[in-house]
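So this one's structure-v7.pdb, PDB, C-alpha atoms and all ligand atoms:
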ATOM      1  CA  MET A   1     211.092 -52.237 -66.826
ATOM      2  CA  PRO A   2     210.836 -50.162 -63.641
ATOM      3  CA  ALA A   3     212.553 -46.818 -63.084
ATOM      4  CA  ILE A   4     216.022 -47.092 -61.546
ATOM      5  CA  SER A   5     218.170 -44.520 -59.828
ATOM      6  CA  ALA A   6     221.722 -44.444 -58.498
ATOM      7  CA  THR A   7     223.603 -41.805 -56.566
ATOM      8  CA  ALA A   8     227.335 -41.138 -56.258
ATOM      9  CA  PRO A   9     228.946 -38.744 -53.764
ATOM     10  CA  GLY A  10     231.598 -36.094 -54.300
ATOM     11  CA  LYS A  11     235.036 -36.582 -52.766
ATOM     12  CA  ILE A  12     238.031 -34.751 -51.385
ATOM     13  CA  ILE A  13     241.609 -35.907 -51.181
ATOM     14  CA  LEU A  14     242.746 -35.598 -47.578
ATOM     15  CA  VAL A  15     246.467 -36.162 -48.259
ATOM     16  CA  GLY A  16     248.671 -37.574 -51.002
ATOM     17  CA  GLU A  17     247.446 -36.077 -54.285
ATOM     18  CA  HIS A  18     249.903 -36.031 -57.176
ATOM     19  CA  ALA A  19     252.293 -38.344 -55.293
ATOM     20  CA  VAL A  20     249.584 -41.010 -55.616
ATOM     21  CA  VAL A  21     250.092 -40.993 -59.392
ATOM     22  CA  TYR A  22     253.675 -42.155 -58.638
ATOM     23  CA  GLN A  23     252.684 -45.112 -56.418
ATOM     24  CA  GLN A  24     252.709 -43.265 -53.092
ATOM     25  CA  PRO A  25     249.735 -43.798 -50.740
ATOM     26  CA  ALA A  26     246.958 -41.216 -50.469
ATOM     27  CA  ILE A  27     243.751 -40.859 -48.454
ATOM     28  CA  ALA A  28     240.420 -39.698 -49.848
ATOM     29  CA  PHE A  29     237.021 -39.137 -48.215
ATOM     30  CA  PRO A  30     233.567 -39.207 -49.785
ATOM     31  CA  VAL A  31     231.686 -35.906 -49.488
ATOM     32  CA  ARG A  32     228.066 -36.959 -49.287
ATOM     33  CA  ALA A  33     226.751 -33.394 -48.998
ATOM     34  CA  VAL A  34     227.156 -33.119 -52.776
ATOM     35  CA  SER A  35     226.183 -35.817 -55.241
ATOM     36  CA  ILE A  36     225.219 -36.925 -58.721
ATOM     37  CA  LYS A  37     221.938 -38.728 -59.208
ATOM     38  CA  VAL A  38     221.126 -40.713 -62.338
ATOM     39  CA  TYR A  39     217.502 -41.635 -62.884
ATOM     40  CA  ILE A  40     216.515 -43.975 -65.714
ATOM     41  CA  LEU A  41     212.986 -44.451 -66.936
ATOM     42  CA  ALA A  42     211.807 -46.917 -69.582
ATOM     43  CA  ASN A  43     210.066 -45.405 -72.578
ATOM     44  CA  PRO A  44     207.492 -48.025 -73.579
ATOM     45  CA  VAL A  45     206.466 -46.110 -76.720
ATOM     46  CA  GLY A  46     210.038 -45.402 -77.898
ATOM     47  CA  LYS A  47     211.915 -47.421 -80.517
ATOM     48  CA  THR A  48     214.696 -49.805 -79.462
ATOM     49  CA  GLY A  49     217.953 -47.883 -79.277
ATOM     50  CA  GLU A  50     216.231 -44.561 -78.616
ATOM     51  CA  VAL A  51     218.015 -43.159 -75.575
ATOM     52  CA  LEU A  52     217.297 -39.641 -74.406
ATOM     53  CA  LEU A  53     219.866 -37.984 -72.142
ATOM     54  CA  GLU A  54     219.074 -34.960 -69.986
ATOM     55  CA  SER A  55     221.597 -33.151 -67.797
ATOM     56  CA  PRO A  56     220.379 -29.710 -66.710
ATOM     57  CA  ALA A  57     223.720 -28.878 -65.006
ATOM     58  CA  ILE A  58     225.440 -28.850 -68.417
ATOM     59  CA  HIS A  59     222.341 -27.672 -70.349
ATOM     60  CA  LEU A  60     222.163 -30.935 -72.239
ATOM     61  CA  VAL A  61     219.085 -32.535 -73.749
ATOM     62  CA  SER A  62     220.036 -34.900 -76.541
ATOM     63  CA  ARG A  63     219.363 -38.239 -78.110
ATOM     64  CA  LEU A  64     222.336 -40.559 -77.605
ATOM     65  CA  GLU A  65     222.764 -40.983 -81.372
ATOM     66  CA  ASP A  66     223.041 -37.195 -81.827
ATOM     67  CA  LEU A  67     225.763 -36.835 -79.205
ATOM     68  CA  ASP A  68     229.469 -36.826 -80.117
ATOM     69  CA  PRO A  69     230.657 -40.381 -79.275
ATOM     70  CA  GLN A  70     233.570 -38.772 -77.376
ATOM     71  CA  HIS A  71     231.149 -36.999 -75.014
ATOM     72  CA  PRO A  72     231.594 -38.602 -71.557
ATOM     73  CA  LEU A  73     227.878 -39.431 -71.280
ATOM     74  CA  ALA A  74     227.865 -41.096 -74.708
ATOM     75  CA  ALA A  75     231.130 -42.887 -73.950
ATOM     76  CA  VAL A  76     230.000 -44.261 -70.578
ATOM     77  CA  THR A  77     226.662 -45.440 -71.999
ATOM     78  CA  GLN A  78     228.504 -47.177 -74.835
ATOM     79  CA  MET A  79     230.987 -48.712 -72.418
ATOM     80  CA  VAL A  80     228.255 -50.240 -70.235
ATOM     81  CA  SER A  81     226.291 -51.619 -73.181
ATOM     82  CA  GLN A  82     229.470 -53.189 -74.602
ATOM     83  CA  HIS A  83     230.552 -54.558 -71.230
ATOM     84  CA  LEU A  84     227.172 -56.219 -70.730
ATOM     85  CA  GLY A  85     226.963 -57.424 -74.337
ATOM     86  CA  ILE A  86     223.739 -55.489 -74.999
ATOM     87  CA  PRO A  87     224.402 -53.603 -78.243
ATOM     88  CA  ARG A  88     220.774 -52.489 -78.780
ATOM     89  CA  LEU A  89     219.606 -50.603 -75.738
ATOM     90  CA  PRO A  90     215.912 -50.503 -74.882
ATOM     91  CA  ALA A  91     214.210 -47.107 -75.306
ATOM     92  CA  MET A  92     214.843 -45.069 -72.195
ATOM     93  CA  ARG A  93     215.203 -41.621 -70.701
ATOM     94  CA  ILE A  94     218.291 -40.925 -68.575
ATOM     95  CA  LYS A  95     218.223 -37.894 -66.313
ATOM     96  CA  ILE A  96     221.399 -36.759 -64.566
ATOM     97  CA  SER A  97     221.126 -34.232 -61.775
ATOM     98  CA  SER A  98     224.121 -32.843 -59.937
ATOM     99  CA  THR A  99     224.979 -30.758 -56.921
ATOM    100  CA  ILE A 100     228.734 -31.313 -57.446
ATOM    101  CA  PRO A 101     230.531 -28.237 -58.824
ATOM    102  CA  ALA A 102     232.523 -29.265 -61.925
ATOM    103  CA  GLY A 103     236.292 -28.718 -62.101
ATOM    104  CA  ALA A 104     236.458 -27.862 -58.413
ATOM    105  CA  GLY A 105     238.222 -30.979 -57.108
ATOM    106  CA  PHE A 106     235.062 -32.747 -55.947
ATOM    107  CA  GLY A 107     235.479 -35.599 -58.443
ATOM    108  CA  SER A 108     232.434 -34.719 -60.519
ATOM    109  CA  SER A 109     233.598 -36.645 -63.595
ATOM    110  CA  ALA A 110     234.190 -39.854 -61.632
ATOM    111  CA  ALA A 111     230.872 -39.407 -59.814
ATOM    112  CA  VAL A 112     228.982 -39.112 -63.119
ATOM    113  CA  SER A 113     230.678 -42.274 -64.393
ATOM    114  CA  VAL A 114     229.985 -44.260 -61.212
ATOM    115  CA  ALA A 115     226.325 -43.223 -60.993
ATOM    116  CA  MET A 116     225.783 -43.881 -64.728
ATOM    117  CA  ILE A 117     227.432 -47.327 -64.618
ATOM    118  CA  ARG A 118     225.514 -48.319 -61.473
ATOM    119  CA  ALA A 119     222.147 -47.113 -62.757
ATOM    120  CA  LEU A 120     222.497 -48.378 -66.347
ATOM    121  CA  SER A 121     223.706 -51.837 -65.385
ATOM    122  CA  ALA A 122     220.827 -52.193 -62.908
ATOM    123  CA  PHE A 123     218.311 -50.903 -65.452
ATOM    124  CA  LEU A 124     219.575 -53.422 -68.004
ATOM    125  CA  GLY A 125     219.067 -56.248 -65.513
ATOM    126  CA  HIS A 126     222.759 -56.890 -64.721
ATOM    127  CA  PRO A 127     223.569 -54.781 -61.653
ATOM    128  CA  LEU A 128     227.342 -54.558 -61.437
ATOM    129  CA  GLN A 129     229.191 -54.852 -58.143
ATOM    130  CA  ASN A 130     231.623 -52.256 -56.832
ATOM    131  CA  GLU A 131     234.738 -53.950 -58.199
ATOM    132  CA  GLU A 132     233.510 -53.894 -61.804
ATOM    133  CA  ILE A 133     231.936 -50.448 -61.450
ATOM    134  CA  ASN A 134     235.279 -49.174 -60.210
ATOM    135  CA  GLN A 135     237.181 -50.713 -63.137
ATOM    136  CA  LEU A 136     234.844 -49.224 -65.715
ATOM    137  CA  ALA A 137     234.850 -45.831 -63.996
ATOM    138  CA  TYR A 138     238.663 -45.929 -64.037
ATOM    139  CA  GLN A 139     238.608 -46.480 -67.807
ATOM    140  CA  MET A 140     236.401 -43.401 -68.101
ATOM    141  CA  GLU A 141     238.857 -41.425 -65.961
ATOM    142  CA  VAL A 142     241.687 -42.477 -68.286
ATOM    143  CA  ARG A 143     239.695 -41.208 -71.288
ATOM    144  CA  GLN A 144     239.105 -37.879 -69.592
ATOM    145  CA  HIS A 145     242.234 -37.218 -67.555
ATOM    146  CA  GLY A 146     245.088 -39.076 -69.231
ATOM    147  CA  THR A 147     247.014 -40.844 -66.452
ATOM    148  CA  PRO A 148     244.819 -40.816 -63.341
ATOM    149  CA  SER A 149     245.861 -42.709 -60.237
ATOM    150  CA  GLY A 150     242.386 -44.207 -59.804
ATOM    151  CA  ILE A 151     241.782 -42.683 -56.368
ATOM    152  CA  ASP A 152     238.753 -40.604 -57.413
ATOM    153  CA  ASN A 153     236.768 -43.465 -58.947
ATOM    154  CA  THR A 154     237.700 -45.724 -55.996
ATOM    155  CA  VAL A 155     236.569 -43.450 -53.152
ATOM    156  CA  ILE A 156     233.401 -42.555 -55.047
ATOM    157  CA  THR A 157     232.509 -46.144 -55.986
ATOM    158  CA  TYR A 158     232.988 -47.458 -52.443
ATOM    159  CA  ASN A 159     231.569 -44.315 -50.798
ATOM    160  CA  ARG A 160     233.902 -44.843 -47.821
ATOM    161  CA  PRO A 161     237.213 -43.278 -46.789
ATOM    162  CA  VAL A 162     240.037 -45.058 -48.612
ATOM    163  CA  TYR A 163     243.761 -45.488 -48.146
ATOM    164  CA  TYR A 164     244.828 -45.908 -51.717
ATOM    165  CA  THR A 165     248.074 -47.010 -53.319
ATOM    166  CA  ARG A 166     248.048 -47.507 -57.057
ATOM    167  CA  GLY A 167     248.148 -51.200 -57.967
ATOM    168  CA  GLN A 168     247.512 -52.362 -54.383
ATOM    169  CA  PRO A 169     244.281 -53.776 -52.914
ATOM    170  CA  ILE A 170     241.891 -51.035 -51.781
ATOM    171  CA  GLU A 171     241.897 -50.392 -48.042
ATOM    172  CA  ILE A 172     238.762 -48.933 -46.461
ATOM    173  CA  LEU A 173     239.564 -46.753 -43.454
ATOM    174  CA  SER A 174     237.529 -46.189 -40.361
ATOM    175  CA  VAL A 175     238.089 -42.997 -38.417
ATOM    176  CA  CYS A 176     238.248 -43.334 -34.641
ATOM    177  CA  SER A 177     236.370 -40.096 -33.962
ATOM    178  CA  PRO A 178     234.514 -37.550 -36.133
ATOM    179  CA  VAL A 179     236.625 -35.533 -38.553
ATOM    180  CA  HIS A 180     235.283 -32.067 -39.315
ATOM    181  CA  LEU A 181     236.465 -30.274 -42.418
ATOM    182  CA  VAL A 182     235.696 -26.924 -43.945
ATOM    183  CA  ILE A 183     236.068 -27.066 -47.713
ATOM    184  CA  ALA A 184     236.589 -23.747 -49.498
ATOM    185  CA  ASP A 185     236.350 -23.487 -53.254
ATOM    186  CA  SER A 186     238.714 -20.925 -54.768
ATOM    187  CA  GLY A 187     236.186 -20.423 -57.553
ATOM    188  CA  THR A 188     238.805 -21.120 -60.227
ATOM    189  CA  ALA A 189     238.304 -24.299 -62.206
ATOM    190  CA  ALA A 190     241.477 -26.147 -63.170
ATOM    191  CA  SER A 191     242.061 -29.036 -65.519
ATOM    192  CA  THR A 192     243.240 -32.160 -63.686
ATOM    193  CA  ARG A 193     244.768 -33.427 -66.933
ATOM    194  CA  GLU A 194     246.912 -30.299 -67.327
ATOM    195  CA  MET A 195     247.981 -30.143 -63.688
ATOM    196  CA  VAL A 196     249.030 -33.812 -63.716
ATOM    197  CA  LEU A 197     250.886 -33.242 -66.981
ATOM    198  CA  GLY A 198     252.684 -30.196 -65.533
ATOM    199  CA  VAL A 199     253.885 -32.259 -62.570
ATOM    200  CA  ARG A 200     255.046 -35.009 -64.939
ATOM    201  CA  GLN A 201     257.128 -32.504 -66.891
ATOM    202  CA  ARG A 202     258.803 -31.301 -63.688
ATOM    203  CA  TYR A 203     259.352 -34.893 -62.623
ATOM    204  CA  GLU A 204     261.021 -35.642 -65.952
ATOM    205  CA  GLN A 205     263.219 -32.523 -65.737
ATOM    206  CA  GLU A 206     264.087 -32.543 -62.024
ATOM    207  CA  GLY A 207     263.808 -36.291 -61.309
ATOM    208  CA  GLU A 208     265.310 -37.024 -57.925
ATOM    209  CA  GLN A 209     264.259 -33.818 -56.190
ATOM    210  CA  ILE A 210     260.606 -34.311 -57.111
ATOM    211  CA  GLN A 211     260.811 -38.012 -56.260
ATOM    212  CA  HIS A 212     261.931 -37.039 -52.715
ATOM    213  CA  ILE A 213     258.931 -34.751 -52.391
ATOM    214  CA  PHE A 214     256.604 -37.564 -53.489
ATOM    215  CA  GLU A 215     258.199 -39.844 -50.882
ATOM    216  CA  ASP A 216     257.740 -37.204 -48.161
ATOM    217  CA  ILE A 217     254.091 -36.900 -49.186
ATOM    218  CA  GLY A 218     253.733 -40.695 -49.033
ATOM    219  CA  ALA A 219     255.171 -40.672 -45.489
ATOM    220  CA  ILE A 220     252.595 -38.010 -44.533
ATOM    221  CA  SER A 221     249.794 -40.252 -45.827
ATOM    222  CA  GLN A 222     251.030 -43.112 -43.638
ATOM    223  CA  LEU A 223     251.130 -40.875 -40.546
ATOM    224  CA  ALA A 224     247.732 -39.398 -41.393
ATOM    225  CA  ARG A 225     246.284 -42.890 -41.503
ATOM    226  CA  GLN A 226     247.607 -43.533 -37.989
ATOM    227  CA  LYS A 227     246.026 -40.337 -36.675
ATOM    228  CA  LEU A 228     242.691 -41.153 -38.311
ATOM    229  CA  GLU A 229     242.603 -44.675 -36.944
ATOM    230  CA  GLN A 230     244.143 -44.100 -33.513
ATOM    231  CA  GLY A 231     243.926 -40.364 -32.852
ATOM    232  CA  PRO A 232     244.367 -37.759 -31.708
ATOM    233  CA  ILE A 233     242.581 -36.335 -34.751
ATOM    234  CA  GLN A 234     243.859 -32.850 -33.917
ATOM    235  CA  GLU A 235     247.412 -33.985 -34.781
ATOM    236  CA  LEU A 236     246.281 -34.631 -38.325
ATOM    237  CA  GLY A 237     246.257 -30.841 -38.728
ATOM    238  CA  SER A 238     250.000 -30.288 -38.947
ATOM    239  CA  LEU A 239     250.269 -33.174 -41.421
ATOM    240  CA  LEU A 240     247.801 -31.419 -43.722
ATOM    241  CA  THR A 241     249.783 -28.187 -43.519
ATOM    242  CA  GLN A 242     253.079 -29.994 -44.209
ATOM    243  CA  ASN A 243     251.438 -31.653 -47.207
ATOM    244  CA  HIS A 244     250.404 -28.225 -48.502
ATOM    245  CA  LEU A 245     253.991 -26.966 -48.308
ATOM    246  CA  LEU A 246     255.165 -29.951 -50.345
ATOM    247  CA  LEU A 247     252.430 -29.346 -52.936
ATOM    248  CA  GLN A 248     253.621 -25.742 -53.152
ATOM    249  CA  LYS A 249     257.109 -27.052 -53.918
ATOM    250  CA  ILE A 250     255.887 -29.093 -56.857
ATOM    251  CA  GLY A 251     254.215 -25.982 -58.204
ATOM    252  CA  VAL A 252     250.511 -26.791 -57.988
ATOM    253  CA  SER A 253     249.383 -24.155 -55.504
ATOM    254  CA  THR A 254     248.249 -20.633 -56.410
ATOM    255  CA  PRO A 255     248.349 -17.334 -54.489
ATOM    256  CA  LEU A 256     244.638 -17.651 -53.708
ATOM    257  CA  LEU A 257     244.967 -21.245 -52.469
ATOM    258  CA  ASP A 258     247.916 -20.162 -50.284
ATOM    259  CA  LYS A 259     245.910 -17.252 -48.954
ATOM    260  CA  LEU A 260     242.956 -19.497 -48.086
ATOM    261  CA  VAL A 261     245.261 -21.981 -46.327
ATOM    262  CA  ALA A 262     246.878 -19.151 -44.313
ATOM    263  CA  THR A 263     243.446 -17.715 -43.468
ATOM    264  CA  ALA A 264     242.301 -21.109 -42.196
ATOM    265  CA  ILE A 265     245.340 -21.503 -39.956
ATOM    266  CA  ASN A 266     245.157 -17.912 -38.677
ATOM    267  CA  ASN A 267     241.506 -18.472 -37.797
ATOM    268  CA  GLY A 268     242.011 -21.496 -35.623
ATOM    269  CA  ALA A 269     242.090 -24.474 -38.025
ATOM    270  CA  TRP A 270     244.369 -27.304 -36.842
ATOM    271  CA  GLY A 271     245.824 -27.467 -40.337
ATOM    272  CA  ALA A 272     244.923 -26.855 -43.979
ATOM    273  CA  LYS A 273     245.980 -27.662 -47.515
ATOM    274  CA  LEU A 274     244.898 -27.515 -51.103
ATOM    275  CA  SER A 275     242.985 -30.632 -52.095
ATOM    276  CA  GLY A 276     242.977 -32.272 -55.520
ATOM    277  CA  SER A 277     245.064 -31.310 -58.498
ATOM    278  CA  GLY A 278     245.520 -27.630 -57.501
ATOM    279  CA  GLY A 279     245.842 -24.688 -59.876
ATOM    280  CA  GLY A 280     242.402 -23.776 -58.510
ATOM    281  CA  GLY A 281     239.729 -25.927 -56.926
ATOM    282  CA  ASN A 282     239.490 -26.483 -53.197
ATOM    283  CA  ILE A 283     241.347 -26.138 -49.961
ATOM    284  CA  ILE A 284     240.385 -28.199 -46.928
ATOM    285  CA  ALA A 285     240.815 -27.154 -43.300
ATOM    286  CA  LEU A 286     240.643 -29.473 -40.297
ATOM    287  CA  VAL A 287     238.692 -27.891 -37.456
ATOM    288  CA  ASP A 288     237.118 -28.341 -34.107
ATOM    289  CA  HIS A 289     233.388 -28.739 -34.862
ATOM    290  CA  GLU A 290     232.463 -25.544 -32.994
ATOM    291  CA  MET A 291     234.749 -23.476 -35.200
ATOM    292  CA  SER A 292     233.514 -24.664 -38.568
ATOM    293  CA  GLU A 293     230.891 -21.982 -39.268
ATOM    294  CA  SER A 294     233.098 -19.063 -38.193
ATOM    295  CA  LEU A 295     236.002 -20.413 -40.239
ATOM    296  CA  ALA A 296     233.731 -20.816 -43.275
ATOM    297  CA  ALA A 297     232.773 -17.135 -42.923
ATOM    298  CA  ALA A 298     236.439 -16.091 -42.629
ATOM    299  CA  LEU A 299     237.324 -18.093 -45.757
ATOM    300  CA  GLN A 300     234.523 -16.440 -47.705
ATOM    301  CA  ALA A 301     235.729 -13.034 -46.561
ATOM    302  CA  ALA A 302     239.223 -13.998 -47.801
ATOM    303  CA  GLY A 303     237.940 -14.752 -51.306
ATOM    304  CA  ALA A 304     236.475 -18.273 -51.309
ATOM    305  CA  ALA A 305     233.650 -18.546 -53.816
ATOM    306  CA  ARG A 306     231.844 -21.196 -51.760
ATOM    307  CA  THR A 307     232.376 -23.130 -48.584
ATOM    308  CA  LEU A 308     231.042 -26.443 -47.413
ATOM    309  CA  VAL A 309     231.263 -27.895 -43.929
ATOM    310  CA  THR A 310     231.491 -31.665 -43.889
ATOM    311  CA  SER A 311     232.059 -34.315 -41.239
ATOM    312  CA  LEU A 312     233.207 -37.854 -41.484
ATOM    313  CA  GLN A 313     231.744 -40.006 -38.724
ATOM    314  CA  PRO A 314     233.207 -43.290 -37.489
ATOM    315  CA  GLU A 315     231.580 -46.234 -39.284
ATOM    316  CA  PRO A 316     232.290 -49.682 -37.940
ATOM    317  CA  VAL A 317     234.743 -51.861 -39.864
ATOM    318  CA  SER A 318     236.310 -54.911 -38.315
ATOM    319  CA  GLY A 319     239.129 -54.093 -35.935
ATOM    320  CA  ALA A 320     238.169 -50.397 -35.740
ATOM    321  CA  GLN A 321     238.491 -48.657 -32.387
ATOM    322  CA  ALA A 322     237.373 -45.384 -30.814
ATOM    323  CA  CYS A 323     239.902 -42.768 -29.772
TER     324      CYS A 323
HETATM  325  O1  LIG A 401     241.630 -32.646 -59.163
HETATM  326  P1  LIG A 401     241.073 -33.870 -58.569
HETATM  327  O2  LIG A 401     240.349 -33.649 -57.300
HETATM  328  O3  LIG A 401     240.317 -34.732 -59.521
HETATM  329  O4  LIG A 401     242.307 -34.749 -58.035
HETATM  330  C1  LIG A 401     243.280 -35.265 -58.819
HETATM  331  C2  LIG A 401     244.229 -36.002 -57.936
HETATM  332  C3  LIG A 401     245.598 -36.217 -58.554
HETATM  333  O5  LIG A 401     246.360 -36.935 -57.588
HETATM  334  C4  LIG A 401     246.276 -34.892 -58.820
HETATM  335  C5  LIG A 401     245.520 -37.010 -59.835
HETATM  336  C6  LIG A 401     245.134 -38.457 -59.665
HETATM  337  O6  LIG A 401     244.752 -39.056 -60.663
HETATM  338  O7  LIG A 401     245.258 -39.013 -58.558
END

In structure tokens, what does this structure look like?
Amino acid sequence: MPAISATAPGKIILVGEHAVVYQQPAIAFPVRAVSIKVYILANPVGKTGEVLLESPAIHLVSRLEDLDPQHPLAAVTQMVSQHLGIPRLPAMRIKISSTIPAGAGFGSSAAVSVAMIRALSAFLGHPLQNEEINQLAYQMEVRQHGTPSGIDNTVITYNRPVYYTRGQPIEILSVCSPVHLVIADSGTAASTREMVLGVRQRYEQEGEQIQHIFEDIGAISQLARQKLEQGPIQELGSLLTQNHLLLQKIGVSTPLLDKLVATAINNGAWGAKLSGSGGGGNIIALVDHEMSESLAAALQAAGAARTLVTSLQPEPVSGAQAC
């Protein structure tokens, strides 16, 4: 059996996080500058069932049978072998390398699942298509995060910008002109599971008020889609900032995230917001391309642990137009 590899990108949520758990639309972009790569090599001298897993990013070198079955890498391997009806795996070595910071809102857990499912199914001679990969990756997200909306696994599986509403068919977006973002990591890792749970508790206590905020966020996602598809891209900026204010109201921002958002706006960004579950993780700022490096420097000076400049270029889909 030849060696097989598969790669999955990171992601950011442009607008709509948290509300997307409650059936409002959201938009997410792949971030291809960071990725997970899974490389699988047959071990012709190994015994059937002998699977060696190596993941330097988490200091892991282990045989599958020695790993806690609840470990995400053990669980995803088990899930693929069950799904394909191959209970005894051939001897193999699986190497996972990552440039996606964990717990920072880049979707690292979904990216590991997607790359593992894609690589393992291909290695086992039954390469799965995106739809099935996405379903299995969603099941992994449920195991790890409780009640995820499914947006992370979807944008990462399809590796295209998505307009996502829970329970609705996936819509791939095409942007009408390049979108330049500066991503700044607050350096604080937060648990998506806990942040989503915290919002659920507020939703259960405050009901209607929080529901209105989710609806306002959903309306922002619809307008953001229009700006992405028809322009002007610059007008997306104020939508991002409005979305940040609504995320503040549901209690998922932090003083550092607020400071980074304010720094971005004071340094010429068209708009900025926290991205992902909040409590830490990233902010994103929409910028004119020429400004991106100077804004990244300003965000670092204001306390960002890391910055990343990323661009989304128009990619043709049917009916797409330039703006
Ligand atoms: O923290 P992240 O980047 O994995 O984003 C979670 C996004 C939420 O909307 C808060 C949860 C979800 O499942 O959609």

(request) Kindly indicate which residue among A:Ala111, A:Ile151, A:Val31, A:Leu120 lies nearest to ligand LIG 401 (chain A), using all atoms listed in the file for the distances. (result) A:Ile151

Report as lines of an AutoDock Vina configuration file the centre and the edge lengths, in Å to one decimal, of the axis-aligned box holding every listed atom of ligand LIG 401 (chain A), padded by 4 Å on each side.
center_x = 243.3
center_y = -35.9
center_z = -59.0
size_x = 14.0
size_y = 14.4
size_z = 11.4

(message) For a quick check of understanding, using all atoms listed in the file, which of A:His71, A:Arg63, A:Lys37, A:His180 has the smallest distance to A:Thr99?
(response)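 Closest residue, counting all atoms listed in the file: A:Lys37.
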
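In this structure, atom O6 of ligand LIG 401 (chain A) sits 8.7 Å away from atom CA of A:Gly276.
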
(message) Residues within 10 Å of A:Arg200, please, as an MDAnalysis selection string. Count all atoms listed in the file; anything in the same chain fewer than 5 positions from it doesn't count.
(response) chainID A and resid 18 21:22 194:195 205:207 210

(message) Could you list, as a list in words, all residues that come within 6 Å of ligand LIG 401 (chain A)? Count all atoms listed in the file.
(response)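 For ligand LIG 401 (chain A), the residues inside 6 Å are Glu17, His18, Val20, Val21, Gly105, Phe106, Gly107, Pro148, Ser149, Gly150, Ile151, Thr192, Val196, Gly276 and Ser277 of chain A.
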
Those residues you just picked out, can you put them in a file as a short mmCIF file (atom, residue, chain, number, x, y, z; two decimals), in the frame of the given file with C-alpha atoms?
data_model
loop_
_atom_site.label_atom_id
_atom_site.label_comp_id
_atom_site.auth_asym_id
_atom_site.auth_seq_id
_atom_site.Cartn_x
_atom_site.Cartn_y
_atom_site.Cartn_z
CA GLU A 17 247.45 -36.08 -54.28
CA HIS A 18 249.90 -36.03 -57.18
CA VAL A 20 249.58 -41.01 -55.62
CA VAL A 21 250.09 -40.99 -59.39
CA GLY A 105 238.22 -30.98 -57.11
CA PHE A 106 235.06 -32.75 -55.95
CA GLY A 107 235.48 -35.60 -58.44
CA PRO A 148 244.82 -40.82 -63.34
CA SER A 149 245.86 -42.71 -60.24
CA GLY A 150 242.39 -44.21 -59.80
CA ILE A 151 241.78 -42.68 -56.37
CA THR A 192 243.24 -32.16 -63.69
CA VAL A 196 249.03 -33.81 -63.72
CA GLY A 276 242.98 -32.27 -55.52
CA SER A 277 245.06 -31.31 -58.50
#

Do you know which residues are at most 8 Å from stretch 238-242 of chain A counting all atoms listed in the file, after dropping those on the same chain fewer than 5 positions away, and could you put them as a JSON list (two decimals) with C-alpha atoms, in the frame of the given file?
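What landed in part-v6.json:
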[["chain", "number", "residue", "atom", "x", "y", "z"],
["A", 14, "LEU", "CA", 242.75, -35.60, -47.58],
["A", 15, "VAL", "CA", 246.47, -36.16, -48.26],
["A", 220, "ILE", "CA", 252.60, -38.01, -44.53],
["A", 223, "LEU", "CA", 251.13, -40.88, -40.55],
["A", 224, "ALA", "CA", 247.73, -39.40, -41.39],
["A", 270, "TRP", "CA", 244.37, -27.30, -36.84],
["A", 271, "GLY", "CA", 245.82, -27.47, -40.34],
["A", 272, "ALA", "CA", 244.92, -26.86, -43.98],
["A", 273, "LYS", "CA", 245.98, -27.66, -47.52]]

(message) Please list as number ranges by chain every residue within 10 Å of stretch 304-306 of chain A, counting only C-alpha atoms and excluding residues in the same chain fewer than 4 positions away.
(response) A: 183-188, 256-257, 259-260, 282-283, 296-300

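Remark: for A:Leu308, the closest of the candidate residues A:Gln209, A:Ser292, A:Thr154, A:Ser97 is A:Ser292 (distances computed over all atoms listed in the file).
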
(request) Write out as a PyMOL selection string each polymer residue whose atoms come within 12 Å of A:Asn134, counting only C-alpha atoms; drop sequence neighbours fewer than 3 positions from it. (result) chain A and resi 8+110-111+113-118+128-131+137-141+150-159+170

(message) I need the residue nearest A:Gly10 from this list: A:Ser294, A:Arg202, A:Gly85, A:Thr310. Use all atoms listed in the file for the distance.
(response)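 Result for the nearest residue to A:Gly10: A:Thr310.
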
(request) Go ahead and compute the interatomic distance for atom CA of A:Met291 and atom CA of A:Gly268, in Å to one decimal. (result) 7.5 Å

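Rounded to one decimal, atom CA of A:Glu293 and atom CA of A:Ser311 lie 12.5 Å from each other.
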
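Shortest separation to A:Pro161 among A:Val179, A:Ala28, A:Ile94, A:Leu64 occurs at residue A:Ala28, atoms counted being only C-alpha atoms.
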
Could you give me stretch 38-43 of chain A completed to N, CA and C atoms, formatted as a PDB file, keeping the file's coordinate frame?
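That gives us rebuild.pdb:
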ATOM      1  N   VAL A  38     221.546 -40.298 -60.989  1.00  0.00           N
ATOM      2  CA  VAL A  38     221.126 -40.713 -62.338  1.00  0.00           C
ATOM      3  C   VAL A  38     219.819 -41.482 -62.183  1.00  0.00           C
ATOM      4  N   TYR A  39     218.842 -41.059 -62.965  1.00  0.00           N
ATOM      5  CA  TYR A  39     217.502 -41.635 -62.884  1.00  0.00           C
ATOM      6  C   TYR A  39     217.165 -42.138 -64.281  1.00  0.00           C
ATOM      7  N   ILE A  40     216.807 -43.411 -64.387  1.00  0.00           N
ATOM      8  CA  ILE A  40     216.515 -43.975 -65.714  1.00  0.00           C
ATOM      9  C   ILE A  40     215.084 -44.516 -65.747  1.00  0.00           C
ATOM     10  N   LEU A  41     214.399 -44.112 -66.788  1.00  0.00           N
ATOM     11  CA  LEU A  41     212.986 -44.451 -66.936  1.00  0.00           C
ATOM     12  C   LEU A  41     212.799 -45.138 -68.284  1.00  0.00           C
ATOM     13  N   ALA A  42     212.082 -46.254 -68.301  1.00  0.00           N
ATOM     14  CA  ALA A  42     211.807 -46.917 -69.582  1.00  0.00           C
ATOM     15  C   ALA A  42     210.851 -46.050 -70.406  1.00  0.00           C
ATOM     16  N   ASN A  43     210.999 -46.117 -71.702  1.00  0.00           N
ATOM     17  CA  ASN A  43     210.066 -45.405 -72.578  1.00  0.00           C
ATOM     18  C   ASN A  43     209.335 -46.443 -73.420  1.00  0.00           C
TER      19      ASN A  43
END
